[in-house]
file start_1.cif (mmCIF, C-alpha atoms)
data_entry
loop_
_atom_site.label_atom_id
_atom_site.label_comp_id
_atom_site.auth_asym_id
_atom_site.auth_seq_id
_atom_site.Cartn_x
_atom_site.Cartn_y
_atom_site.Cartn_z
CA MET A 1 -20.01 -52.94 98.95
CA SER A 2 -18.11 -52.48 95.74
CA LEU A 3 -15.34 -50.21 94.50
CA PRO A 4 -15.55 -46.51 95.30
CA PRO A 5 -17.09 -44.24 92.67
CA LEU A 6 -15.06 -43.85 89.47
CA PRO A 7 -16.69 -41.23 87.24
CA LEU A 8 -15.30 -40.75 83.74
CA ASP A 9 -13.78 -37.41 84.77
CA ALA A 10 -11.62 -39.23 87.33
CA ILE A 11 -9.80 -41.16 84.59
CA ASP A 12 -6.84 -39.92 82.51
CA VAL A 13 -5.42 -42.19 79.81
CA GLY A 14 -1.96 -42.04 78.24
CA LEU A 15 -0.53 -39.09 80.16
CA HIS A 16 3.06 -37.95 79.78
CA VAL A 17 4.64 -37.12 83.15
CA PRO A 18 8.29 -36.65 84.15
CA ASP A 19 8.29 -38.52 87.48
CA TRP A 20 6.29 -40.25 90.20
CA ARG A 21 5.35 -36.95 91.88
CA ALA A 22 3.67 -35.75 88.70
CA ALA A 23 1.96 -39.13 88.28
CA VAL A 24 0.54 -38.94 91.81
CA GLY A 25 -0.33 -35.30 91.14
CA ALA A 26 -2.37 -36.38 88.12
CA ALA A 27 -4.22 -39.00 90.19
CA GLY A 28 -4.91 -36.36 92.85
CA ALA A 29 -6.09 -33.82 90.29
CA ALA A 30 -8.52 -36.42 88.93
CA LEU A 31 -9.89 -37.06 92.43
CA GLU A 32 -10.35 -33.33 92.96
CA ARG A 33 -11.92 -32.86 89.51
CA SER A 34 -14.45 -35.61 90.28
CA GLY A 35 -15.46 -33.94 93.55
CA SER A 36 -14.04 -36.59 95.89
CA THR A 37 -11.33 -34.40 97.37
CA GLY A 38 -10.49 -30.77 97.90
CA PRO A 39 -7.25 -28.84 97.77
CA GLY A 40 -4.45 -30.36 99.79
CA TYR A 41 -5.22 -34.05 99.33
CA THR A 42 -2.76 -34.46 96.46
CA GLU A 43 0.05 -32.96 98.52
CA ARG A 44 -0.81 -35.34 101.36
CA MET A 45 -0.60 -38.33 98.99
CA VAL A 46 2.86 -37.20 97.85
CA GLY A 47 3.86 -36.65 101.48
CA VAL A 48 2.91 -40.23 102.40
CA ILE A 49 5.29 -41.55 99.74
CA GLU A 50 8.05 -39.15 100.75
CA GLU A 51 7.69 -40.25 104.38
CA PHE A 52 7.10 -43.99 104.02
CA GLY A 53 8.59 -44.81 100.63
CA ALA A 54 7.27 -46.63 97.59
CA TYR A 55 5.06 -49.11 99.49
CA VAL A 56 2.17 -47.73 97.39
CA VAL A 57 3.58 -49.65 94.41
CA ILE A 58 1.52 -52.71 95.25
CA ALA A 59 2.14 -54.83 92.14
CA PRO A 60 4.37 -54.69 89.07
CA GLY A 61 3.37 -51.56 87.18
CA LEU A 62 0.67 -50.48 89.67
CA ALA A 63 0.66 -47.80 92.38
CA LEU A 64 -2.18 -47.12 94.81
CA ALA A 65 -1.72 -43.50 95.89
CA HIS A 66 -3.66 -42.48 98.98
CA ALA A 67 -3.55 -40.58 102.26
CA ARG A 68 -5.39 -40.84 105.54
CA PRO A 69 -8.96 -39.57 105.81
CA GLY A 70 -9.06 -35.85 106.49
CA PRO A 71 -11.09 -32.69 105.98
CA ASP A 72 -9.94 -32.52 102.34
CA VAL A 73 -11.74 -35.80 101.57
CA LEU A 74 -15.29 -34.84 100.63
CA THR A 75 -16.50 -38.33 99.73
CA GLU A 76 -14.93 -41.67 98.89
CA GLY A 77 -13.60 -41.90 95.40
CA LEU A 78 -11.22 -43.55 92.99
CA SER A 79 -9.16 -42.18 90.13
CA VAL A 80 -7.16 -43.98 87.47
CA VAL A 81 -4.24 -42.54 85.54
CA THR A 82 -2.37 -44.46 82.86
CA LEU A 83 0.98 -43.26 81.58
CA ALA A 84 2.37 -43.22 78.07
CA GLU A 85 5.80 -44.01 79.55
CA PRO A 86 6.23 -45.62 82.97
CA VAL A 87 7.88 -43.83 85.88
CA VAL A 88 10.04 -45.08 88.74
CA PHE A 89 8.80 -44.77 92.33
CA GLY A 90 11.80 -46.47 93.92
CA HIS A 91 10.21 -49.84 94.66
CA PRO A 92 12.77 -52.68 94.59
CA HIS A 93 10.55 -55.15 92.70
CA ASN A 94 7.47 -53.50 91.20
CA ASP A 95 8.91 -50.51 89.29
CA PRO A 96 8.40 -49.02 86.79
CA VAL A 97 4.74 -47.95 87.13
CA ASN A 98 2.35 -47.08 84.35
CA VAL A 99 -1.00 -47.34 86.18
CA ILE A 100 -1.74 -45.13 89.18
CA LEU A 101 -4.90 -45.45 91.22
CA GLY A 102 -5.83 -42.58 93.49
CA LEU A 103 -7.96 -43.55 96.49
CA ALA A 104 -9.81 -41.20 98.82
CA VAL A 105 -11.73 -42.50 101.83
CA THR A 106 -13.56 -40.85 104.70
CA THR A 107 -12.91 -43.56 107.33
CA GLY A 108 -10.29 -46.16 108.13
CA ASP A 109 -12.89 -48.90 107.67
CA GLU A 110 -13.54 -47.70 104.12
CA HIS A 111 -9.80 -47.84 103.44
CA VAL A 112 -9.58 -51.48 104.49
CA HIS A 113 -12.71 -52.41 102.56
CA PHE A 114 -11.77 -50.66 99.31
CA VAL A 115 -8.20 -51.97 99.35
CA ALA A 116 -9.63 -55.49 99.74
CA GLU A 117 -12.04 -54.88 96.83
CA LEU A 118 -9.19 -53.59 94.65
CA ALA A 119 -7.08 -56.62 95.59
CA ASN A 120 -9.88 -58.84 94.29
CA VAL A 121 -9.87 -57.00 90.97
CA PHE A 122 -6.09 -57.27 90.61
CA ASN A 123 -6.02 -60.99 91.44
CA ASP A 124 -6.40 -61.29 87.67
CA SER A 125 -2.84 -60.68 86.48
CA SER A 126 -4.06 -59.52 83.06
CA ILE A 127 -5.82 -56.43 84.45
CA ILE A 128 -2.76 -54.19 84.98
CA PRO A 129 -1.40 -54.52 81.42
CA ALA A 130 -4.94 -54.19 80.04
CA LEU A 131 -5.47 -50.97 82.02
CA ALA A 132 -2.10 -49.66 80.84
CA ALA A 133 -3.16 -50.27 77.23
CA ALA A 134 -6.75 -49.02 77.62
CA PRO A 135 -7.59 -46.52 74.87
CA ASP A 136 -10.22 -44.58 76.82
CA ALA A 137 -11.96 -44.04 80.16
CA ALA A 138 -14.91 -46.28 79.32
CA THR A 139 -12.54 -49.20 78.75
CA VAL A 140 -10.85 -48.53 82.12
CA ARG A 141 -14.23 -48.65 83.87
CA SER A 142 -15.15 -51.86 82.06
CA LEU A 143 -11.87 -53.56 82.99
CA LEU A 144 -12.49 -52.69 86.65
CA GLY A 145 -15.97 -54.19 86.44
CA ILE A 146 -17.73 -50.85 86.78
CA THR A 147 -20.85 -50.63 84.68
CA ALA A 148 -21.96 -47.54 82.81
CA PRO A 149 -23.44 -44.91 85.12
CA SER A 150 -27.13 -44.20 85.22
CA GLY A 151 -29.17 -41.29 86.49
CA PRO A 152 -27.63 -37.88 87.25
CA GLU A 153 -24.04 -39.19 87.11
CA ALA A 154 -24.52 -40.27 83.50
CA THR A 155 -25.90 -36.87 82.57
CA ASN A 156 -23.01 -35.07 84.24
CA GLU A 157 -20.43 -37.26 82.56
CA GLU A 158 -22.01 -37.01 79.12
CA SER A 159 -22.07 -33.22 79.29
CA LYS A 160 -18.32 -32.96 79.95
#
call {"tool": "encode", "arguments": {"input": "start_1.cif", "output": "structure tokens"}}
result
Amino acid sequence: MSLPPLPLDAIDVGLHVPDWRAAVGAAGAALERSGSTGPGYTERMVGVIEEFGAYVVIAPGLALAHARPGPDVLTEGLSVVTLAEPVVFGHPHNDPVNVILGLAVTTGDEHVHFVAELANVFNDSSIIPALAAAPDAATVRSLLGITAPSGPEATNEESK
């Protein structure tokens, strides 16, 4: 297995947001826009952070926003949001954050697998700053090792 799907419409580059809630909201909106999640998933991601704290800030500058599988997860998916100015989540060591990944999974096993796959990507310490500086969605996909889509996905993305 590899990373979950990351269509171009699930990537937002250089957003301006006032706080971590808006940053997570942008990652959730990108998941919904890509068809991975339905209404309610974004609120659940925010709720996880409100309940359990900033553990989603998994490395300096990087947050992995997610919630448990549920009926609002239509299919596994990934979103990436980069921020023009970083925001504080409240993590004692890894704040501020300027790259937010949104992750949606349909099973607990998928969660474990995709988190492990993402960890492999971010073993390269240059990836987070490179993502933060990425000028466009295609560059984000390339940095994550995701090749250009083919077939119907490519057609859908090119028409947007």
call {"tool": "atom_distance", "arguments": {"input": "start_1.cif", "atom1": "CA of Tyr55 (chain A)", "atom2": "CA of Val73 (chain A)"}}
result
21.5 Å
call {"tool": "resolve_selection", "arguments": {"input": "start_1.cif", "expression": "the PyMOL selection byres ((chain A and resi 35) around 12)", "output": "PyMOL selection string"}}
result
chain A and resi 5-10+28-34+36-39+41+72-79+104+153
call {"tool": "closest_residue", "arguments": {"input": "start_1.cif", "among": "A:Leu118, A:Pro69, A:Asn123, A:His91", "to": "Ile49 (chain A)", "atoms": "all atoms listed in the file"}}
result
A:His91
call {"tool": "atom_distance", "arguments": {"input": "start_1.cif", "atom1": "CA of Asn94 (chain A)", "atom2": "CA of Arg141 (chain A)"}}
result
23.4 Å
call {"tool": "residues_around", "arguments": {"input": "start_1.cif", "residues": "region 110-117 of chain A", "least_positions_apart": "5", "cutoff": "9 Å", "atoms": "all atoms listed in the file", "output": "number ranges by chain"}}
result
A: 1-4, 64, 68-69, 76, 103-105, 122
call {"tool": "residues_around", "arguments": {"input": "start_1.cif", "residues": "region 129-133 of chain A", "least_positions_apart": "3", "cutoff": "6 Å", "atoms": "all atoms listed in the file", "output": "PyMOL selection string"}}
result
chain A and resi 82+99+126+140
call {"tool": "build_atoms", "arguments": {"input": "start_1.cif", "residues": "region 82-104 of chain A", "atoms": "N, CA, C and O atoms", "output": "mmCIF file, in the frame of the given file"}}
result
data_model
loop_
_atom_site.group_PDB
_atom_site.id
_atom_site.type_symbol
_atom_site.label_atom_id
_atom_site.label_comp_id
_atom_site.auth_asym_id
_atom_site.auth_seq_id
_atom_site.Cartn_x
_atom_site.Cartn_y
_atom_site.Cartn_z
ATOM 1 N N THR A 82 -3.325 -43.605 83.559
ATOM 2 C CA THR A 82 -2.370 -44.460 82.860
ATOM 3 C C THR A 82 -1.342 -43.561 82.188
ATOM 4 O O THR A 82 -1.653 -42.433 81.795
ATOM 5 N N LEU A 83 -0.136 -44.057 82.098
ATOM 6 C CA LEU A 83 0.980 -43.260 81.580
ATOM 7 C C LEU A 83 1.447 -43.780 80.227
ATOM 8 O O LEU A 83 1.515 -44.996 80.003
ATOM 9 N N ALA A 84 1.810 -42.854 79.368
ATOM 10 C CA ALA A 84 2.370 -43.220 78.070
ATOM 11 C C ALA A 84 3.725 -43.899 78.243
ATOM 12 O O ALA A 84 4.049 -44.845 77.529
ATOM 13 N N GLU A 85 4.514 -43.390 79.197
ATOM 14 C CA GLU A 85 5.800 -44.010 79.550
ATOM 15 C C GLU A 85 5.818 -44.202 81.061
ATOM 16 O O GLU A 85 5.478 -43.285 81.807
ATOM 17 N N PRO A 86 6.230 -45.367 81.532
ATOM 18 C CA PRO A 86 6.230 -45.620 82.970
ATOM 19 C C PRO A 86 7.241 -44.754 83.719
ATOM 20 O O PRO A 86 8.195 -44.251 83.125
ATOM 21 N N VAL A 87 6.979 -44.586 85.026
ATOM 22 C CA VAL A 87 7.880 -43.830 85.880
ATOM 23 C C VAL A 87 8.349 -44.717 87.039
ATOM 24 O O VAL A 87 7.709 -45.702 87.385
ATOM 25 N N VAL A 88 9.455 -44.334 87.634
ATOM 26 C CA VAL A 88 10.040 -45.080 88.740
ATOM 27 C C VAL A 88 9.643 -44.416 90.061
ATOM 28 O O VAL A 88 9.792 -43.209 90.230
ATOM 29 N N PHE A 89 9.146 -45.233 90.981
ATOM 30 C CA PHE A 89 8.800 -44.770 92.330
ATOM 31 C C PHE A 89 9.904 -45.106 93.334
ATOM 32 O O PHE A 89 9.923 -44.554 94.416
ATOM 33 N N GLY A 90 10.758 -46.042 92.992
ATOM 34 C CA GLY A 90 11.800 -46.470 93.920
ATOM 35 C C GLY A 90 11.478 -47.785 94.610
ATOM 36 O O GLY A 90 12.102 -48.142 95.608
ATOM 37 N N HIS A 91 10.528 -48.540 94.086
ATOM 38 C CA HIS A 91 10.210 -49.840 94.660
ATOM 39 C C HIS A 91 11.213 -50.872 94.144
ATOM 40 O O HIS A 91 11.519 -50.899 92.955
ATOM 41 N N PRO A 92 11.718 -51.738 95.027
ATOM 42 C CA PRO A 92 12.770 -52.680 94.590
ATOM 43 C C PRO A 92 12.307 -53.754 93.612
ATOM 44 O O PRO A 92 13.135 -54.307 92.893
ATOM 45 N N HIS A 93 10.999 -54.052 93.549
ATOM 46 C CA HIS A 93 10.550 -55.150 92.700
ATOM 47 C C HIS A 93 9.471 -54.765 91.687
ATOM 48 O O HIS A 93 9.363 -55.411 90.645
ATOM 49 N N ASN A 94 8.655 -53.765 91.997
ATOM 50 C CA ASN A 94 7.470 -53.500 91.200
ATOM 51 C C ASN A 94 7.563 -52.294 90.265
ATOM 52 O O ASN A 94 6.594 -51.961 89.593
ATOM 53 N N ASP A 95 8.695 -51.605 90.245
ATOM 54 C CA ASP A 95 8.910 -50.510 89.290
ATOM 55 C C ASP A 95 9.219 -51.094 87.923
ATOM 56 O O ASP A 95 9.718 -52.219 87.841
ATOM 57 N N PRO A 96 9.027 -50.340 86.875
ATOM 58 C CA PRO A 96 8.400 -49.020 86.790
ATOM 59 C C PRO A 96 6.876 -49.141 86.788
ATOM 60 O O PRO A 96 6.320 -50.227 86.603
ATOM 61 N N VAL A 97 6.202 -48.007 86.980
ATOM 62 C CA VAL A 97 4.740 -47.950 87.130
ATOM 63 C C VAL A 97 4.140 -47.208 85.945
ATOM 64 O O VAL A 97 4.618 -46.140 85.569
ATOM 65 N N ASN A 98 3.070 -47.788 85.400
ATOM 66 C CA ASN A 98 2.350 -47.080 84.350
ATOM 67 C C ASN A 98 0.844 -46.982 84.610
ATOM 68 O O ASN A 98 0.117 -46.408 83.812
ATOM 69 N N VAL A 99 0.389 -47.502 85.752
ATOM 70 C CA VAL A 99 -1.000 -47.340 86.180
ATOM 71 C C VAL A 99 -0.999 -46.847 87.617
ATOM 72 O O VAL A 99 -0.406 -47.477 88.492
ATOM 73 N N ILE A 100 -1.648 -45.707 87.840
ATOM 74 C CA ILE A 100 -1.740 -45.130 89.180
ATOM 75 C C ILE A 100 -3.204 -45.012 89.540
ATOM 76 O O ILE A 100 -3.992 -44.416 88.803
ATOM 77 N N LEU A 101 -3.567 -45.615 90.668
ATOM 78 C CA LEU A 101 -4.900 -45.450 91.220
ATOM 79 C C LEU A 101 -4.797 -44.422 92.333
ATOM 80 O O LEU A 101 -3.883 -44.485 93.157
ATOM 81 N N GLY A 102 -5.713 -43.494 92.373
ATOM 82 C CA GLY A 102 -5.830 -42.580 93.490
ATOM 83 C C GLY A 102 -7.030 -43.013 94.310
ATOM 84 O O GLY A 102 -8.103 -43.284 93.751
ATOM 85 N N LEU A 103 -6.874 -43.110 95.619
ATOM 86 C CA LEU A 103 -7.960 -43.550 96.490
ATOM 87 C C LEU A 103 -8.186 -42.513 97.575
ATOM 88 O O LEU A 103 -7.233 -42.087 98.242
ATOM 89 N N ALA A 104 -9.432 -42.111 97.743
ATOM 90 C CA ALA A 104 -9.810 -41.200 98.820
ATOM 91 C C ALA A 104 -10.914 -41.873 99.633
ATOM 92 O O ALA A 104 -11.885 -42.387 99.068
#
